[in-house]
file protein24.cif (mmCIF, C-alpha atoms)
data_input
loop_
_atom_site.label_atom_id
_atom_site.label_comp_id
_atom_site.auth_asym_id
_atom_site.auth_seq_id
_atom_site.Cartn_x
_atom_site.Cartn_y
_atom_site.Cartn_z
CA MET A 1 1.12 -33.75 -3.62
CA SER A 2 3.32 -33.09 -6.61
CA VAL A 3 6.01 -35.70 -7.24
CA THR A 4 8.56 -32.96 -7.92
CA ASN A 5 9.72 -29.81 -6.18
CA ARG A 6 9.85 -26.82 -8.51
CA GLN A 7 12.52 -24.30 -7.56
CA ILE A 8 13.99 -21.03 -8.82
CA ARG A 9 17.78 -20.87 -8.48
CA LEU A 10 20.23 -18.09 -9.27
CA ALA A 11 22.01 -18.98 -12.53
CA ALA A 12 24.23 -15.90 -12.90
CA ARG A 13 24.91 -12.61 -11.14
CA PRO A 14 22.86 -9.95 -12.92
CA VAL A 15 24.33 -6.74 -14.27
CA GLY A 16 21.76 -3.96 -14.18
CA GLU A 17 18.19 -5.21 -14.54
CA VAL A 18 17.71 -8.88 -13.78
CA LYS A 19 17.21 -10.88 -16.98
CA PRO A 20 15.37 -14.18 -17.52
CA GLU A 21 18.66 -15.98 -18.18
CA ASP A 22 19.90 -15.00 -14.69
CA TRP A 23 17.49 -17.60 -13.27
CA GLU A 24 17.38 -21.38 -13.48
CA HIS A 25 14.03 -23.19 -13.30
CA CYS A 26 14.67 -26.55 -11.62
CA SER A 27 12.79 -29.66 -10.60
CA GLY A 28 13.83 -32.18 -7.99
CA PRO A 29 12.42 -34.81 -5.67
CA VAL A 30 10.16 -33.89 -2.78
CA ASP A 31 12.11 -34.77 0.35
CA GLU A 32 10.61 -36.52 3.37
CA PRO A 33 11.27 -35.00 6.81
CA GLY A 34 13.77 -36.85 8.97
CA PRO A 35 13.95 -36.77 12.79
CA GLY A 36 13.38 -33.28 14.17
CA LEU A 37 12.23 -31.93 10.81
CA PHE A 38 8.93 -31.00 9.19
CA ALA A 39 7.86 -30.73 5.57
CA GLY A 40 5.50 -28.24 4.00
CA ARG A 41 4.02 -26.97 0.77
CA THR A 42 4.54 -23.31 -0.10
CA ARG A 43 1.36 -21.23 -0.21
CA VAL A 44 2.58 -17.62 -0.56
CA ILE A 45 5.98 -16.13 -1.47
CA SER A 46 7.07 -12.61 -0.56
CA LEU A 47 8.62 -10.35 -3.21
CA ASP A 48 10.72 -7.48 -1.89
CA PRO A 49 13.01 -4.80 -3.39
CA ALA A 50 15.83 -6.01 -1.12
CA MET A 51 15.99 -9.19 -3.20
CA ARG A 52 17.89 -7.31 -5.91
CA GLY A 53 20.69 -6.50 -3.46
CA TRP A 54 20.92 -10.13 -2.37
CA LEU A 55 21.95 -11.08 -5.92
CA ASP A 56 25.11 -8.95 -5.91
CA ASP A 57 28.38 -10.35 -4.60
CA ARG A 58 29.29 -7.48 -2.30
CA PRO A 59 29.33 -6.88 1.46
CA SER A 60 25.88 -6.35 2.93
CA TYR A 61 23.76 -7.15 5.98
CA LEU A 62 23.19 -10.68 4.59
CA PRO A 63 25.50 -12.85 2.49
CA PRO A 64 24.59 -12.86 -1.21
CA VAL A 65 22.55 -15.67 -2.68
CA GLY A 66 25.07 -18.06 -4.16
CA VAL A 67 25.04 -18.95 -7.83
CA GLY A 68 23.23 -22.28 -8.05
CA GLU A 69 21.34 -21.73 -4.79
CA VAL A 70 17.56 -21.54 -4.33
CA MET A 71 16.52 -17.88 -4.35
CA ARG A 72 16.12 -16.51 -0.83
CA ALA A 73 12.59 -15.40 0.03
CA GLY A 74 10.20 -15.19 2.91
CA SER A 75 7.17 -17.40 2.50
CA VAL A 76 4.25 -19.03 4.23
CA ILE A 77 4.03 -22.81 4.05
CA GLU A 78 1.43 -25.32 5.18
CA VAL A 79 2.92 -28.23 7.09
CA THR A 80 2.23 -31.56 5.36
CA ALA A 81 4.27 -33.98 7.51
CA SER A 82 6.23 -33.55 10.71
CA ASN A 83 8.73 -35.21 13.00
CA HIS A 84 9.15 -31.95 14.91
CA PRO A 85 7.38 -31.52 18.28
CA ASP A 86 6.41 -27.89 17.64
CA PHE A 87 4.90 -28.22 14.16
CA GLN A 88 1.97 -30.39 13.11
CA PRO A 89 0.31 -31.12 9.73
CA GLY A 90 -2.09 -28.31 8.90
CA ASP A 91 -0.06 -25.63 10.68
CA HIS A 92 0.79 -22.51 8.70
CA VAL A 93 4.36 -21.32 9.21
CA VAL A 94 6.21 -18.20 8.08
CA GLY A 95 9.96 -18.23 7.48
CA ALA A 96 12.76 -17.74 4.94
CA PHE A 97 12.01 -20.93 3.00
CA GLY A 98 13.02 -19.72 -0.46
CA VAL A 99 11.39 -19.80 -3.89
CA GLN A 100 10.32 -23.43 -4.11
CA GLU A 101 7.13 -25.46 -3.95
CA HIS A 102 8.13 -27.81 -1.13
CA VAL A 103 10.22 -27.26 1.99
CA VAL A 104 11.90 -29.38 4.66
CA SER A 105 12.94 -27.44 7.76
CA ASP A 106 14.23 -27.88 11.30
CA GLY A 107 12.16 -24.87 12.38
CA SER A 108 15.04 -22.42 12.71
CA GLY A 109 13.69 -18.91 12.22
CA ALA A 110 10.19 -20.25 11.58
CA MET A 111 7.05 -19.08 13.34
CA LYS A 112 3.56 -20.52 13.39
CA ILE A 113 0.82 -18.10 12.37
CA ASP A 114 -2.91 -17.99 12.92
CA THR A 115 -4.65 -17.68 9.55
CA SER A 116 -8.01 -17.22 11.28
CA LEU A 117 -6.82 -13.77 12.41
CA ALA A 118 -5.27 -12.62 9.11
CA PRO A 119 -4.62 -14.18 5.71
CA PRO A 120 -1.16 -15.70 5.10
CA SER A 121 -0.14 -12.81 2.83
CA THR A 122 -0.58 -10.30 5.66
CA TYR A 123 2.07 -12.13 7.70
CA LEU A 124 4.46 -11.30 4.85
CA GLY A 125 3.29 -7.68 4.69
CA ALA A 126 1.75 -5.52 7.39
CA LEU A 127 2.47 -8.13 10.10
CA GLY A 128 5.76 -9.22 8.50
CA MET A 129 9.03 -7.59 7.52
CA PRO A 130 7.49 -4.58 5.72
CA GLY A 131 5.34 -3.73 8.73
CA MET A 132 8.26 -4.20 11.11
CA THR A 133 10.44 -2.05 8.85
CA ALA A 134 7.91 0.79 8.78
CA TYR A 135 7.34 0.63 12.53
CA PHE A 136 10.94 0.62 13.72
CA GLY A 137 12.22 2.86 10.96
CA LEU A 138 9.70 5.55 11.72
CA LEU A 139 9.39 5.31 15.49
CA ASP A 140 12.90 4.28 16.56
CA VAL A 141 15.26 5.50 13.84
CA GLY A 142 13.07 8.47 12.90
CA ALA A 143 12.24 9.23 16.54
CA LEU A 144 8.82 10.40 15.40
CA LYS A 145 6.97 12.91 17.57
CA ASP A 146 3.24 13.44 17.47
CA GLY A 147 2.15 16.20 15.11
CA GLU A 148 5.31 16.37 12.99
CA THR A 149 5.50 16.62 9.21
CA VAL A 150 6.49 13.30 7.63
CA VAL A 151 7.34 12.63 3.99
CA VAL A 152 7.51 9.06 2.69
CA SER A 153 8.96 8.11 -0.70
CA GLY A 154 7.90 4.89 -2.37
CA ALA A 155 4.72 5.62 -0.45
CA ALA A 156 2.48 3.20 -2.36
CA GLY A 157 4.75 0.23 -1.69
CA ALA A 158 4.68 -2.39 1.05
CA VAL A 159 6.69 -0.36 3.56
CA GLY A 160 5.55 3.09 2.46
CA THR A 161 1.83 2.44 2.85
CA ILE A 162 2.34 1.26 6.43
CA ALA A 163 4.86 3.97 7.37
CA GLY A 164 2.54 6.74 6.23
CA GLN A 165 -0.44 5.29 8.07
CA ILE A 166 1.55 4.84 11.28
CA ALA A 167 2.51 8.50 11.07
CA LYS A 168 -1.15 9.43 10.60
CA ALA A 169 -2.07 7.29 13.60
CA ARG A 170 0.41 9.42 15.56
CA GLY A 171 -1.29 12.63 14.52
CA CYS A 172 1.28 13.72 11.94
CA ARG A 173 0.92 15.54 8.65
CA VAL A 174 1.93 13.00 6.01
CA VAL A 175 3.00 13.59 2.42
CA GLY A 176 3.58 10.59 0.16
CA ILE A 177 5.69 10.46 -3.00
CA ALA A 178 4.62 7.87 -5.58
CA GLY A 179 4.53 7.27 -9.33
CA GLY A 180 1.32 7.93 -11.23
CA PRO A 181 -2.09 9.50 -10.50
CA GLU A 182 -3.70 6.22 -9.43
CA LYS A 183 -1.16 5.61 -6.69
CA CYS A 184 -1.33 9.20 -5.52
CA ALA A 185 -5.14 9.02 -5.37
CA LEU A 186 -4.88 5.83 -3.32
CA LEU A 187 -2.66 7.57 -0.77
CA THR A 188 -4.96 10.52 -0.19
CA ASP A 189 -8.40 9.06 -0.87
CA GLU A 190 -8.07 5.66 0.78
CA LEU A 191 -5.07 5.67 3.12
CA GLY A 192 -5.56 9.12 4.60
CA PHE A 193 -2.33 10.84 3.55
CA ASP A 194 -2.65 14.62 3.64
CA ALA A 195 -1.02 15.07 0.23
CA ALA A 196 0.64 13.06 -2.51
CA ILE A 197 3.31 14.00 -5.05
CA ASP A 198 3.56 12.27 -8.42
CA TYR A 199 7.30 12.20 -9.06
CA ARG A 200 6.68 11.28 -12.70
CA ALA A 201 4.59 14.36 -13.45
CA GLU A 202 5.69 16.98 -10.89
CA ASP A 203 8.79 18.85 -9.83
CA VAL A 204 9.32 17.11 -6.50
CA ARG A 205 11.27 19.96 -4.94
CA LYS A 206 8.58 22.53 -5.75
CA ALA A 207 5.82 20.17 -4.62
CA LEU A 208 7.55 19.61 -1.29
CA ARG A 209 7.81 23.36 -0.80
CA ARG A 210 4.05 23.56 -1.33
CA HIS A 211 3.01 20.57 0.80
CA ALA A 212 5.60 20.95 3.58
CA PRO A 213 5.95 24.75 3.87
CA ASP A 214 7.52 24.56 7.33
CA GLY A 215 9.94 21.82 6.34
CA ILE A 216 10.16 18.04 6.76
CA ASP A 217 10.67 16.69 10.28
CA VAL A 218 11.03 13.04 9.24
CA TYR A 219 11.83 11.88 5.73
CA PHE A 220 11.37 8.12 5.29
CA ASP A 221 13.28 7.18 2.14
CA ASN A 222 12.64 4.05 0.10
CA VAL A 223 13.84 5.47 -3.21
CA GLY A 224 17.18 7.31 -3.07
CA GLY A 225 18.57 9.18 -6.09
CA ASP A 226 16.95 12.43 -7.21
CA VAL A 227 13.98 12.12 -4.85
CA LEU A 228 16.26 11.91 -1.83
CA ASP A 229 18.19 14.92 -3.13
CA ALA A 230 14.98 16.93 -3.42
CA ALA A 231 13.86 16.04 0.09
CA LEU A 232 17.19 17.11 1.57
CA THR A 233 16.53 20.66 0.40
CA ARG A 234 13.33 20.87 2.49
CA LEU A 235 14.48 19.66 5.91
CA ALA A 236 13.26 21.34 9.09
CA MET A 237 15.65 22.06 11.92
CA HIS A 238 16.81 18.84 13.62
CA ALA A 239 15.12 16.70 10.97
CA ARG A 240 15.70 12.95 10.76
CA VAL A 241 16.27 11.25 7.40
CA VAL A 242 15.60 7.50 7.59
CA ILE A 243 17.37 5.45 4.92
CA CYS A 244 15.25 2.34 4.43
CA GLY A 245 16.02 1.59 0.78
CA ALA A 246 16.94 3.04 -2.59
CA ILE A 247 14.92 1.20 -5.21
CA SER A 248 15.79 3.77 -7.89
CA GLN A 249 19.41 2.62 -7.66
CA TYR A 250 19.16 -1.16 -7.34
CA ASN A 251 19.34 -1.97 -11.05
CA ASN A 252 22.12 0.52 -11.82
CA ALA A 253 24.90 -0.80 -14.01
CA THR A 254 26.82 2.36 -13.04
CA PRO A 255 27.83 3.53 -9.53
CA VAL A 256 25.04 4.48 -7.13
CA LYS A 257 24.05 8.15 -7.29
CA GLY A 258 24.73 9.68 -3.88
CA PRO A 259 23.06 12.80 -2.49
CA SER A 260 24.57 16.07 -3.72
CA ASN A 261 22.53 18.09 -1.21
CA TYR A 262 23.90 16.38 1.89
CA LEU A 263 25.20 19.68 3.31
CA SER A 264 21.58 20.44 4.20
CA LEU A 265 22.17 18.05 7.09
CA LEU A 266 24.76 20.45 8.44
CA VAL A 267 22.74 23.61 7.88
CA ARG A 268 19.57 22.16 9.42
CA ARG A 269 21.44 20.27 12.20
CA ALA A 270 19.76 17.15 10.90
CA ARG A 271 20.84 13.51 10.82
CA MET A 272 20.60 10.76 8.23
CA GLU A 273 20.66 7.15 9.40
CA GLY A 274 20.26 3.80 7.76
CA PHE A 275 18.91 0.71 9.48
CA VAL A 276 18.23 -3.00 9.01
CA VAL A 277 15.02 -4.34 10.51
CA PHE A 278 16.66 -7.59 11.67
CA ASP A 279 18.34 -5.59 14.44
CA TYR A 280 14.93 -5.26 16.09
CA ALA A 281 13.97 -8.94 16.01
CA GLU A 282 13.50 -9.17 19.79
CA ARG A 283 10.76 -6.55 19.55
CA TYR A 284 8.81 -7.89 16.57
CA ALA A 285 5.99 -9.15 18.80
CA GLN A 286 5.56 -5.68 20.30
CA ALA A 287 5.36 -4.09 16.87
CA ALA A 288 2.96 -6.73 15.51
CA GLN A 289 0.65 -6.24 18.48
CA GLU A 290 0.47 -2.48 17.97
CA ILE A 291 0.07 -2.74 14.19
CA SER A 292 -2.69 -5.34 14.69
CA ALA A 293 -4.48 -2.95 17.04
CA TRP A 294 -4.28 -0.15 14.47
CA ILE A 295 -5.61 -2.49 11.77
CA GLY A 296 -8.45 -3.58 14.05
CA ALA A 297 -9.35 0.02 14.80
CA GLY A 298 -9.36 0.90 11.09
CA ARG A 299 -6.40 3.26 11.42
CA ILE A 300 -4.24 1.11 9.11
CA LYS A 301 -5.66 -0.34 5.92
CA VAL A 302 -3.76 -3.30 4.51
CA LYS A 303 -2.91 -3.03 0.81
CA GLU A 304 -1.73 -6.20 -0.92
CA HIS A 305 -0.99 -6.99 -4.55
CA VAL A 306 -1.51 -10.72 -4.98
CA VAL A 307 -0.31 -12.47 -8.14
CA ARG A 308 -1.66 -16.00 -8.47
CA GLY A 309 0.47 -18.49 -10.33
CA SER A 310 3.34 -20.93 -9.98
CA VAL A 311 6.93 -20.80 -8.77
CA ASP A 312 7.95 -20.32 -12.40
CA ASP A 313 6.20 -16.93 -12.38
CA PHE A 314 8.61 -15.57 -9.73
CA PRO A 315 11.15 -13.86 -12.06
CA GLU A 316 8.58 -11.86 -13.98
CA THR A 317 6.60 -11.03 -10.84
CA LEU A 318 9.75 -9.71 -9.16
CA GLN A 319 10.23 -7.24 -12.02
CA MET A 320 6.90 -5.60 -11.12
CA LEU A 321 8.62 -4.01 -8.13
CA PHE A 322 11.17 -2.22 -10.28
CA ARG A 323 8.65 -1.19 -12.92
CA GLY A 324 6.37 0.42 -10.34
CA GLN A 325 3.53 -1.97 -11.14
CA ASN A 326 2.62 -3.05 -7.61
CA VAL A 327 0.45 -1.28 -5.05
CA GLY A 328 1.16 -2.27 -1.45
CA LYS A 329 2.74 -5.59 -0.56
CA LEU A 330 3.55 -7.81 -3.56
CA VAL A 331 3.18 -11.57 -3.07
CA LEU A 332 3.04 -14.62 -5.31
CA GLU A 333 0.28 -17.01 -4.27
CA LEU A 334 0.84 -20.52 -5.54
CA ALA A 335 -2.09 -22.30 -7.11
#
call {"tool": "encode", "arguments": {"input": "protein24.cif", "output": "structure tokens"}}
result
Amino acid sequence: MSVTNRQIRLAARPVGEVKPEDWEHCSGPVDEPGPGLFAGRTRVISLDPAMRGWLDDRPSYLPPVGVGEVMRAGSVIEVTASNHPDFQPGDHVVGAFGVQEHVVSDGSGAMKIDTSLAPPSTYLGALGMPGMTAYFGLLDVGALKDGETVVVSGAAGAVGTIAGQIAKARGCRVVGIAGGPEKCALLTDELGFDAAIDYRAEDVRKALRRHAPDGIDVYFDNVGGDVLDAALTRLAMHARVVICGAISQYNNATPVKGPSNYLSLLVRRARMEGFVVFDYAERYAQAAQEISAWIGAGRIKVKEHVVRGSVDDFPETLQMLFRGQNVGKLVLELA
């Protein structure tokens, strides 16, 4: 075991894109677990677009990460020592343990996982928050009905790949919006989407008219901005617009660009609703069971982008999300 605990802490609140100087790379002692606690070594760290919002000091569904605090992150750890009755050395545990090599925890919010059933990274992706987000966003907030037309933006990301495949499992026509020919080919050739739109090379509004001629029943939005505006022009009657995220806006140094075509909601008698997956925590087990069954049946293919390195690689790896460099769930696996 290392004699020090490497950590990434927030050094300053970023303005626009996060810069290297906004982070502090720290080392400290590795703590021993006291009564009722367990210690563990971090194996895999989750990287998520929502992290950018956690850095801003403004009201949100979670308090911001404080300047000087360890960066918030979901991760999988392997228990190395324990004075906790529910956790034993060798156990793998998923929780919000932060960007650090070593963890001491009382078990709050932590859950043991079975790595013989799926690799640790999958418990941060398809069987973790992204999978839960896709499931509840599409089925509960989007009130998806079998056979509808579904459009997913950010479709090659952690949430988008799962959302589109869930819709296909429900017999829907699915159109994905992604950046670049490789990602679009992945959606149609490997994940079973009916069509894909390259927002970098195509007029999204015209492409939606072509691929969703009868309108969009459910639009699952991970992007916001101009792509959301284009989708609003193609809504079917009584459509549902699910606001999951807005990655195109997260690094703005100027005010967020809101939808100028929102009156389409009135004309099409549609609704637009945002959600936070934590509101569905009591039903995570239900969702994980159904997603696991779809994976087992080959109806959902898990896509993960694994970067192998150290805690110090976290800042640069996080930027991959905002540069469109990841395919599927992005994780940092510690050597």
call {"tool": "resolve_selection", "arguments": {"input": "protein24.cif", "expression": "the PyMOL selection byres ((chain A and resi 187) around 12)", "output": "PyMOL selection string"}}
result
chain A and resi 152-157+160-165+168+174-186+188-198+300-301+303+327-328
call {"tool": "resolve_selection", "arguments": {"input": "protein24.cif", "expression": "the PyMOL selection byres ((chain A and resi 34) around 9)", "output": "VMD selection string"}}
result
chain A and resid 32 to 33 35 to 38 82 to 84 104
call {"tool": "write_last_selection", "arguments": {"input": "protein24.cif", "atoms": "C-alpha atoms", "output": "PDB file, in the coordinates of the input"}}
result
ATOM      1  CA  GLU A  32      10.610 -36.520   3.370  1.00  0.00           C
ATOM      2  CA  PRO A  33      11.270 -35.000   6.810  1.00  0.00           C
ATOM      3  CA  PRO A  35      13.950 -36.770  12.790  1.00  0.00           C
ATOM      4  CA  GLY A  36      13.380 -33.280  14.170  1.00  0.00           C
ATOM      5  CA  LEU A  37      12.230 -31.930  10.810  1.00  0.00           C
ATOM      6  CA  PHE A  38       8.930 -31.000   9.190  1.00  0.00           C
ATOM      7  CA  SER A  82       6.230 -33.550  10.710  1.00  0.00           C
ATOM      8  CA  ASN A  83       8.730 -35.210  13.000  1.00  0.00           C
ATOM      9  CA  HIS A  84       9.150 -31.950  14.910  1.00  0.00           C
ATOM     10  CA  VAL A 104      11.900 -29.380   4.660  1.00  0.00           C
TER      11      VAL A 104
END
call {"tool": "residues_around", "arguments": {"input": "protein24.cif", "residues": "Gly245 of chain A", "least_positions_apart": "3", "cutoff": "10 Å", "atoms": "all atoms listed in the file", "output": "list in words"}}
result
Pro49, Ala50, Ser153, Gly154, Val159, Phe220, Asp221, Asn222, Val223, Gly224, Val242, Ser248, Gln249, Tyr250, Gly274, Phe275 and Val276 of chain A
call {"tool": "atom_distance", "arguments": {"input": "protein24.cif", "atom1": "atom CA of Val76 of chain A", "atom2": "atom CA of Arg43 of chain A"}}
result
5.7 Å
call {"tool": "atom_distance", "arguments": {"input": "protein24.cif", "atom1": "atom CA of His92 of chain A", "atom2": "atom CA of Gly40 of chain A"}}
result
8.8 Å
call {"tool": "residues_around", "arguments": {"input": "protein24.cif", "residues": "segment 94-99 of chain A", "least_positions_apart": "2", "cutoff": "6 Å", "atoms": "all atoms listed in the file", "output": "list in words"}}
result
Gln7, Ile8, Met71, Arg72, Ala73, Gly74, Ser75, Val76, Ala110 and Met111 of chain A
call {"tool": "atom_distance", "arguments": {"input": "protein24.cif", "atom1": "atom CA of Val103 of chain A", "atom2": "atom CA of Val30 of chain A"}}
result
8.2 Å
call {"tool": "resolve_selection", "arguments": {"input": "protein24.cif", "expression": "the PyMOL selection byres ((chain A and resi 121) around 10)", "output": "short mmCIF file (atom, residue, chain, number, x, y, z; two decimals) with C-alpha atoms, in the frame of the given file"}}
result
data_model
loop_
_atom_site.label_atom_id
_atom_site.label_comp_id
_atom_site.auth_asym_id
_atom_site.auth_seq_id
_atom_site.Cartn_x
_atom_site.Cartn_y
_atom_site.Cartn_z
CA ARG A 43 1.36 -21.23 -0.21
CA VAL A 44 2.58 -17.62 -0.56
CA ILE A 45 5.98 -16.13 -1.47
CA SER A 46 7.07 -12.61 -0.56
CA SER A 75 7.17 -17.40 2.50
CA VAL A 76 4.25 -19.03 4.23
CA VAL A 94 6.21 -18.20 8.08
CA THR A 115 -4.65 -17.68 9.55
CA ALA A 118 -5.27 -12.62 9.11
CA PRO A 119 -4.62 -14.18 5.71
CA PRO A 120 -1.16 -15.70 5.10
CA THR A 122 -0.58 -10.30 5.66
CA TYR A 123 2.07 -12.13 7.70
CA LEU A 124 4.46 -11.30 4.85
CA GLY A 125 3.29 -7.68 4.69
CA ALA A 126 1.75 -5.52 7.39
CA LEU A 127 2.47 -8.13 10.10
CA GLY A 128 5.76 -9.22 8.50
CA GLU A 304 -1.73 -6.20 -0.92
CA HIS A 305 -0.99 -6.99 -4.55
CA VAL A 306 -1.51 -10.72 -4.98
CA LYS A 329 2.74 -5.59 -0.56
CA LEU A 330 3.55 -7.81 -3.56
CA VAL A 331 3.18 -11.57 -3.07
CA LEU A 332 3.04 -14.62 -5.31
CA GLU A 333 0.28 -17.01 -4.27
#
call {"tool": "residues_around", "arguments": {"input": "protein24.cif", "residues": "Gly258 of chain A", "least_positions_apart": "4", "cutoff": "10 Å", "atoms": "only C-alpha atoms", "output": "number ranges by chain"}}
result
A: 224-226, 228-229, 249, 262
call {"tool": "write_last_selection", "arguments": {"input": "protein24.cif", "atoms": "C-alpha atoms", "output": "PDB file, in the coordinates of the input"}}
result
ATOM      1  CA  GLY A 224      17.180   7.310  -3.070  1.00  0.00           C
ATOM      2  CA  GLY A 225      18.570   9.180  -6.090  1.00  0.00           C
ATOM      3  CA  ASP A 226      16.950  12.430  -7.210  1.00  0.00           C
ATOM      4  CA  LEU A 228      16.260  11.910  -1.830  1.00  0.00           C
ATOM      5  CA  ASP A 229      18.190  14.920  -3.130  1.00  0.00           C
ATOM      6  CA  GLN A 249      19.410   2.620  -7.660  1.00  0.00           C
ATOM      7  CA  TYR A 262      23.900  16.380   1.890  1.00  0.00           C
TER       8      TYR A 262
END
call {"tool": "axis_aligned_box", "arguments": {"input": "protein24.cif", "around": "segment 221-237 of chain A", "padding_each_side": "5 Å", "output": "AutoDock Vina command-line options"}}
result
--center_x 15.6 --center_y 13.1 --center_z 2.4 --size_x 15.9 --size_y 28.0 --size_z 29.1
call {"tool": "closest_residue", "arguments": {"input": "protein24.cif", "among": "A:Asp140, A:Glu101, A:Asp86, A:Glu17", "to": "Val277 of chain A", "atoms": "all atoms listed in the file"}}
result
A:Asp140
call {"tool": "closest_residue", "arguments": {"input": "protein24.cif", "among": "A:Arg240, A:Asp56, A:Leu334, A:Val227", "to": "Phe314 of chain A", "atoms": "all atoms listed in the file"}}
result
A:Leu334
call {"tool": "closest_residue", "arguments": {"input": "protein24.cif", "among": "A:Ser292, A:Val218, A:Ile166, A:Thr233", "to": "Leu263 of chain A", "atoms": "only C-alpha atoms"}}
result
A:Thr233
call {"tool": "residues_near_point", "arguments": {"input": "protein24.cif", "point": "(1.5, -25.0, 1.1)", "cutoff": "7 Å", "atoms": "all atoms listed in the file", "output": "list in words"}}
result
Gly40, Arg41, Thr42, Arg43, Ile77, Glu78 and Val79 of chain A
call {"tool": "closest_residue", "arguments": {"input": "protein24.cif", "among": "A:Asp203, A:Asp91, A:Asp279, A:Asp22", "to": "Gly68 of chain A", "atoms": "only C-alpha atoms"}}
result
A:Asp22
call {"tool": "closest_residue", "arguments": {"input": "protein24.cif", "among": "A:Ala207, A:Trp23, A:Leu10, A:Leu47", "to": "Leu318 of chain A", "atoms": "all atoms listed in the file"}}
result
A:Leu47
call {"tool": "closest_residue", "arguments": {"input": "protein24.cif", "among": "A:Val150, A:Val256, A:Cys244, A:Ala169", "to": "Gly298 of chain A", "atoms": "only C-alpha atoms"}}
result
A:Ala169
call {"tool": "residues_around", "arguments": {"input": "protein24.cif", "residues": "Arg52 of chain A", "least_positions_apart": "6", "cutoff": "10 Å", "atoms": "all atoms listed in the file", "output": "number ranges by chain"}}
result
A: 14, 16-18, 64, 247, 250-251, 318-319, 322
